[in-house]
Amino acid sequence: MNMKWISQSKLVRLGLLLATQALVNSGTGLRAEQNFAVNSQPPVVWTLDNTESIGGHRPQVLGAPKMASAATGGPALLFNGKSDGLILPVNPLRGFSKFTIEILFRPDPNGPSAQRFVHIQDDNDSRVMVETRLINNQSWSLDTFLHSGENSRPLLDRTKRHPTGRWAWVALVYDGKTMSDYVNGVKELEGLVNFAPMADGRMSLGVRLNRVYWFKGSIKEVRFTPLPLKLEDLRRISEK
């Protein structure tokens, strides 16, 4: 047995352990990046600053979504609540057993009472929906929905209200057993649901895929992460 080799091996392992501990203690925020490496897939980030390419995909453009001005928080795409939407030939959640969807958006007042602004559906009819319910045209409640096979789970509490005309981050998190939704980093609801990894499919922004329940407002960014992000890692904007 080569005692010299054993000694060097121990030193190498010790060095790696110390280096890892140093990263954790330094608070560098590398934990999520390390998890992404384990899952071998980084987060997918879509910035909505044009209608020619969204996340590298050419969308089918419905109506005429416009660019929101810098004065209102742009660049972002502005949807009119009547005929504007985007349909993309891709399912960014394909194969994910766990995931987080985050959307930076601004619902406008005086829009439809029910609005589907993110709709993902695969070839097996599994669906992911992120929606709003307007209340008196001045506030909105988050409505999220998962459907897989014979399993479905909606999350909606109309008493949890947020002002229209302001930017907000909303999130839908699925950890393999439980779906949870958040507004600006604050959990609203959760529920158990058996949601199988999705197959190939399509998605829409600003409207449901079957072109009903149009969204009035702006969407700036959509993020898809192959992990159930922890509360402290979710993006947020103060509503104060």
# chains A, B, ... in the order shown; residues from 1 in each chain; ligands from 1
call {"tool": "residues_around", "arguments": {"residues": "range 110-116 of chain A", "least_positions_apart": "6", "cutoff": "8 Å", "atoms": "only C-alpha atoms", "output": "ChimeraX atom specification"}}
result
/A:81,129-135,137-138,206-208,213-216
call {"tool": "select_by_dssp", "arguments": {"residues": "range 101-209 of chain A", "states": "strand (DSSP E or B)", "output": "ChimeraX atom specification"}}
result
/A:101-107,114-122,127-135,139-148,151-156,162-163,168-174,178-183,186-192,198,201-205
call {"tool": "residues_around", "arguments": {"residues": "Ser152 in chain A", "least_positions_apart": "3", "cutoff": "12 Å", "atoms": "only C-alpha atoms", "output": "PyMOL selection string"}}
result
chain A and resi 125-129+144-149+155+178-179+191-196
call {"tool": "closest_atom_pairs", "arguments": {"of": "range 85-189 of chain A", "to": "range 53-58 of chain A", "cutoff": "10 Å", "atoms": "only C-alpha atoms", "output": "Markdown table"}}
result
| residue | atom | partner | partner_atom | distance |
| --- | --- | --- | --- | --- |
| A:Leu86 | CA | A:Ile54 | CA | 9.3 |
| A:Ile87 | CA | A:Arg58 | CA | 8.9 |
| A:Leu88 | CA | A:His57 | CA | 6.9 |
| A:Pro89 | CA | A:His57 | CA | 7.6 |
| A:Val90 | CA | A:His57 | CA | 7.9 |
| A:Pro92 | CA | A:Gly55 | CA | 9.7 |
call {"tool": "write_last_selection", "arguments": {"atoms": "all heavy atoms", "output": "tab-separated table (two decimals), in the first residue's frame"}}
result
chain	number	residue	atom	x	y	z
A	86	LEU	N	-49.01	36.18	-27.64
A	86	LEU	CA	-47.92	35.48	-28.29
A	86	LEU	C	-48.11	33.99	-28.08
A	86	LEU	O	-48.44	33.56	-26.97
A	86	LEU	CB	-46.57	35.91	-27.72
A	86	LEU	CG	-46.19	37.39	-27.79
A	86	LEU	CD1	-44.90	37.63	-27.02
A	86	LEU	CD2	-46.05	37.85	-29.23
A	87	ILE	N	-47.88	33.20	-29.13
A	87	ILE	CA	-47.91	31.75	-29.02
A	87	ILE	C	-46.54	31.23	-29.43
A	87	ILE	O	-46.04	31.58	-30.51
A	87	ILE	CB	-49.01	31.14	-29.89
A	87	ILE	CG1	-50.38	31.61	-29.39
A	87	ILE	CG2	-48.95	29.61	-29.85
A	87	ILE	CD1	-51.56	31.11	-30.20
A	88	LEU	N	-45.92	30.42	-28.57
A	88	LEU	CA	-44.57	29.92	-28.83
A	88	LEU	C	-44.59	28.40	-28.98
A	88	LEU	O	-45.25	27.70	-28.20
A	88	LEU	CB	-43.63	30.31	-27.69
A	88	LEU	CG	-43.43	31.82	-27.56
A	88	LEU	CD1	-44.06	32.33	-26.29
A	88	LEU	CD2	-41.97	32.19	-27.60
A	89	PRO	N	-43.83	27.87	-29.95
A	89	PRO	CA	-43.83	26.43	-30.24
A	89	PRO	C	-42.86	25.66	-29.35
A	89	PRO	O	-42.05	24.86	-29.83
A	89	PRO	CB	-43.40	26.39	-31.70
A	89	PRO	CG	-42.43	27.53	-31.81
A	89	PRO	CD	-42.97	28.62	-30.92
A	90	VAL	N	-42.94	25.87	-28.05
A	90	VAL	CA	-41.97	25.27	-27.14
A	90	VAL	C	-42.60	25.11	-25.77
A	90	VAL	O	-43.47	25.90	-25.37
A	90	VAL	CB	-40.69	26.14	-27.05
A	90	VAL	CG1	-41.01	27.50	-26.45
A	90	VAL	CG2	-39.60	25.44	-26.24
A	92	PRO	N	-41.05	25.15	-22.16
A	92	PRO	CA	-39.83	25.34	-21.38
A	92	PRO	C	-39.76	24.48	-20.13
A	92	PRO	O	-38.70	24.42	-19.49
A	92	PRO	CB	-39.86	26.83	-21.04
A	92	PRO	CG	-41.29	27.20	-21.09
A	92	PRO	CD	-41.90	26.35	-22.16
call {"tool": "residues_around", "arguments": {"residues": "range 95-100 of chain A", "least_positions_apart": "4", "cutoff": "10 Å", "atoms": "only C-alpha atoms", "output": "ChimeraX atom specification"}}
result
/A:39,41,43,91,171-181,195-200,223-230,234
call {"tool": "write_last_selection", "arguments": {"atoms": "N, CA and C atoms", "output": "PDB file, in the first residue's frame"}}
result
ATOM      1  N   ASN A  39     -28.499  19.455 -11.323  1.00  0.00           N
ATOM      2  CA  ASN A  39     -29.617  19.153 -12.202  1.00  0.00           C
ATOM      3  C   ASN A  39     -29.238  19.275 -13.669  1.00  0.00           C
ATOM      4  N   GLN A  41     -29.130  21.582 -15.669  1.00  0.00           N
ATOM      5  CA  GLN A  41     -29.853  22.542 -16.486  1.00  0.00           C
ATOM      6  C   GLN A  41     -29.899  23.885 -15.768  1.00  0.00           C
ATOM      7  N   PRO A  43     -31.274  27.934 -15.253  1.00  0.00           N
ATOM      8  CA  PRO A  43     -32.585  28.554 -15.434  1.00  0.00           C
ATOM      9  C   PRO A  43     -32.700  29.134 -16.833  1.00  0.00           C
ATOM     10  N   ASN A  91     -42.174  24.085 -25.048  1.00  0.00           N
ATOM     11  CA  ASN A  91     -42.551  23.890 -23.647  1.00  0.00           C
ATOM     12  C   ASN A  91     -41.291  24.011 -22.801  1.00  0.00           C
ATOM     13  N   ALA A 171     -44.870  33.979  -8.642  1.00  0.00           N
ATOM     14  CA  ALA A 171     -44.141  32.716  -8.799  1.00  0.00           C
ATOM     15  C   ALA A 171     -45.072  31.541  -8.550  1.00  0.00           C
ATOM     16  N   LEU A 172     -44.856  30.491  -9.334  1.00  0.00           N
ATOM     17  CA  LEU A 172     -45.500  29.189  -9.127  1.00  0.00           C
ATOM     18  C   LEU A 172     -44.384  28.177  -8.925  1.00  0.00           C
ATOM     19  N   VAL A 173     -44.394  27.507  -7.774  1.00  0.00           N
ATOM     20  CA  VAL A 173     -43.336  26.565  -7.406  1.00  0.00           C
ATOM     21  C   VAL A 173     -43.939  25.181  -7.232  1.00  0.00           C
ATOM     22  N   TYR A 174     -43.300  24.166  -7.852  1.00  0.00           N
ATOM     23  CA  TYR A 174     -43.721  22.779  -7.664  1.00  0.00           C
ATOM     24  C   TYR A 174     -42.511  21.970  -7.213  1.00  0.00           C
ATOM     25  N   ASP A 175     -42.621  21.309  -6.042  1.00  0.00           N
ATOM     26  CA  ASP A 175     -41.481  20.590  -5.458  1.00  0.00           C
ATOM     27  C   ASP A 175     -41.550  19.074  -5.658  1.00  0.00           C
ATOM     28  N   GLY A 176     -42.418  18.633  -6.551  1.00  0.00           N
ATOM     29  CA  GLY A 176     -42.598  17.204  -6.779  1.00  0.00           C
ATOM     30  C   GLY A 176     -43.815  16.638  -6.084  1.00  0.00           C
ATOM     31  N   LYS A 177     -44.354  17.373  -5.113  1.00  0.00           N
ATOM     32  CA  LYS A 177     -45.553  16.953  -4.395  1.00  0.00           C
ATOM     33  C   LYS A 177     -46.543  18.102  -4.190  1.00  0.00           C
ATOM     34  N   THR A 178     -46.002  19.273  -3.885  1.00  0.00           N
ATOM     35  CA  THR A 178     -46.828  20.417  -3.505  1.00  0.00           C
ATOM     36  C   THR A 178     -46.583  21.579  -4.446  1.00  0.00           C
ATOM     37  N   MET A 179     -47.658  22.235  -4.880  1.00  0.00           N
ATOM     38  CA  MET A 179     -47.529  23.483  -5.621  1.00  0.00           C
ATOM     39  C   MET A 179     -47.811  24.635  -4.674  1.00  0.00           C
ATOM     40  N   SER A 180     -47.071  25.706  -4.840  1.00  0.00           N
ATOM     41  CA  SER A 180     -47.239  26.906  -4.029  1.00  0.00           C
ATOM     42  C   SER A 180     -47.170  28.114  -4.940  1.00  0.00           C
ATOM     43  N   ASP A 181     -47.891  29.185  -4.589  1.00  0.00           N
ATOM     44  CA  ASP A 181     -47.736  30.409  -5.363  1.00  0.00           C
ATOM     45  C   ASP A 181     -47.415  31.587  -4.456  1.00  0.00           C
ATOM     46  N   PHE A 195     -48.170  15.936 -10.281  1.00  0.00           N
ATOM     47  CA  PHE A 195     -47.955  16.555 -11.586  1.00  0.00           C
ATOM     48  C   PHE A 195     -46.755  15.895 -12.246  1.00  0.00           C
ATOM     49  N   ALA A 196     -47.009  15.100 -13.296  1.00  0.00           N
ATOM     50  CA  ALA A 196     -45.944  14.364 -13.977  1.00  0.00           C
ATOM     51  C   ALA A 196     -45.115  15.306 -14.845  1.00  0.00           C
ATOM     52  N   PRO A 197     -43.838  14.987 -15.073  1.00  0.00           N
ATOM     53  CA  PRO A 197     -43.025  15.791 -15.992  1.00  0.00           C
ATOM     54  C   PRO A 197     -43.709  15.924 -17.349  1.00  0.00           C
ATOM     55  N   MET A 198     -43.657  17.117 -17.902  1.00  0.00           N
ATOM     56  CA  MET A 198     -44.381  17.399 -19.138  1.00  0.00           C
ATOM     57  C   MET A 198     -43.604  16.932 -20.371  1.00  0.00           C
ATOM     58  N   ALA A 199     -44.355  16.713 -21.440  1.00  0.00           N
ATOM     59  CA  ALA A 199     -43.777  16.348 -22.737  1.00  0.00           C
ATOM     60  C   ALA A 199     -43.618  17.610 -23.586  1.00  0.00           C
ATOM     61  N   ASP A 200     -43.314  17.429 -24.871  1.00  0.00           N
ATOM     62  CA  ASP A 200     -43.256  18.565 -25.788  1.00  0.00           C
ATOM     63  C   ASP A 200     -44.615  19.250 -25.825  1.00  0.00           C
ATOM     64  N   ARG A 223     -39.158  33.588 -16.092  1.00  0.00           N
ATOM     65  CA  ARG A 223     -38.028  32.732 -15.735  1.00  0.00           C
ATOM     66  C   ARG A 223     -38.526  31.322 -15.406  1.00  0.00           C
ATOM     67  N   PHE A 224     -37.816  30.320 -15.927  1.00  0.00           N
ATOM     68  CA  PHE A 224     -38.156  28.913 -15.686  1.00  0.00           C
ATOM     69  C   PHE A 224     -36.931  28.242 -15.058  1.00  0.00           C
ATOM     70  N   THR A 225     -37.070  27.766 -13.825  1.00  0.00           N
ATOM     71  CA  THR A 225     -35.970  27.155 -13.096  1.00  0.00           C
ATOM     72  C   THR A 225     -36.296  25.700 -12.806  1.00  0.00           C
ATOM     73  N   PRO A 226     -35.384  24.766 -13.090  1.00  0.00           N
ATOM     74  CA  PRO A 226     -35.650  23.337 -12.858  1.00  0.00           C
ATOM     75  C   PRO A 226     -35.465  22.927 -11.404  1.00  0.00           C
ATOM     76  N   LEU A 227     -35.869  23.795 -10.499  1.00  0.00           N
ATOM     77  CA  LEU A 227     -35.773  23.566  -9.055  1.00  0.00           C
ATOM     78  C   LEU A 227     -36.930  24.265  -8.356  1.00  0.00           C
ATOM     79  N   PRO A 228     -37.374  23.757  -7.217  1.00  0.00           N
ATOM     80  CA  PRO A 228     -38.330  24.504  -6.396  1.00  0.00           C
ATOM     81  C   PRO A 228     -37.556  25.534  -5.566  1.00  0.00           C
ATOM     82  N   LEU A 229     -37.499  26.766  -6.021  1.00  0.00           N
ATOM     83  CA  LEU A 229     -36.720  27.786  -5.331  1.00  0.00           C
ATOM     84  C   LEU A 229     -37.260  28.025  -3.925  1.00  0.00           C
ATOM     85  N   LYS A 230     -36.349  28.290  -3.004  1.00  0.00           N
ATOM     86  CA  LYS A 230     -36.747  28.623  -1.648  1.00  0.00           C
ATOM     87  C   LYS A 230     -37.232  30.070  -1.603  1.00  0.00           C
ATOM     88  N   LEU A 234     -36.618  33.794  -4.181  1.00  0.00           N
ATOM     89  CA  LEU A 234     -37.605  34.311  -5.131  1.00  0.00           C
ATOM     90  C   LEU A 234     -37.461  35.811  -5.305  1.00  0.00           C
TER      91      LEU A 234
END
call {"tool": "atom_distance", "arguments": {"atom1": "CA of Thr51 in chain A", "atom2": "CA of Arg202 in chain A"}}
result
16.6 Å
call {"tool": "atom_distance", "arguments": {"atom1": "CA of Glu190 in chain A", "atom2": "CA of Asn124 in chain A"}}
result
24.4 Å
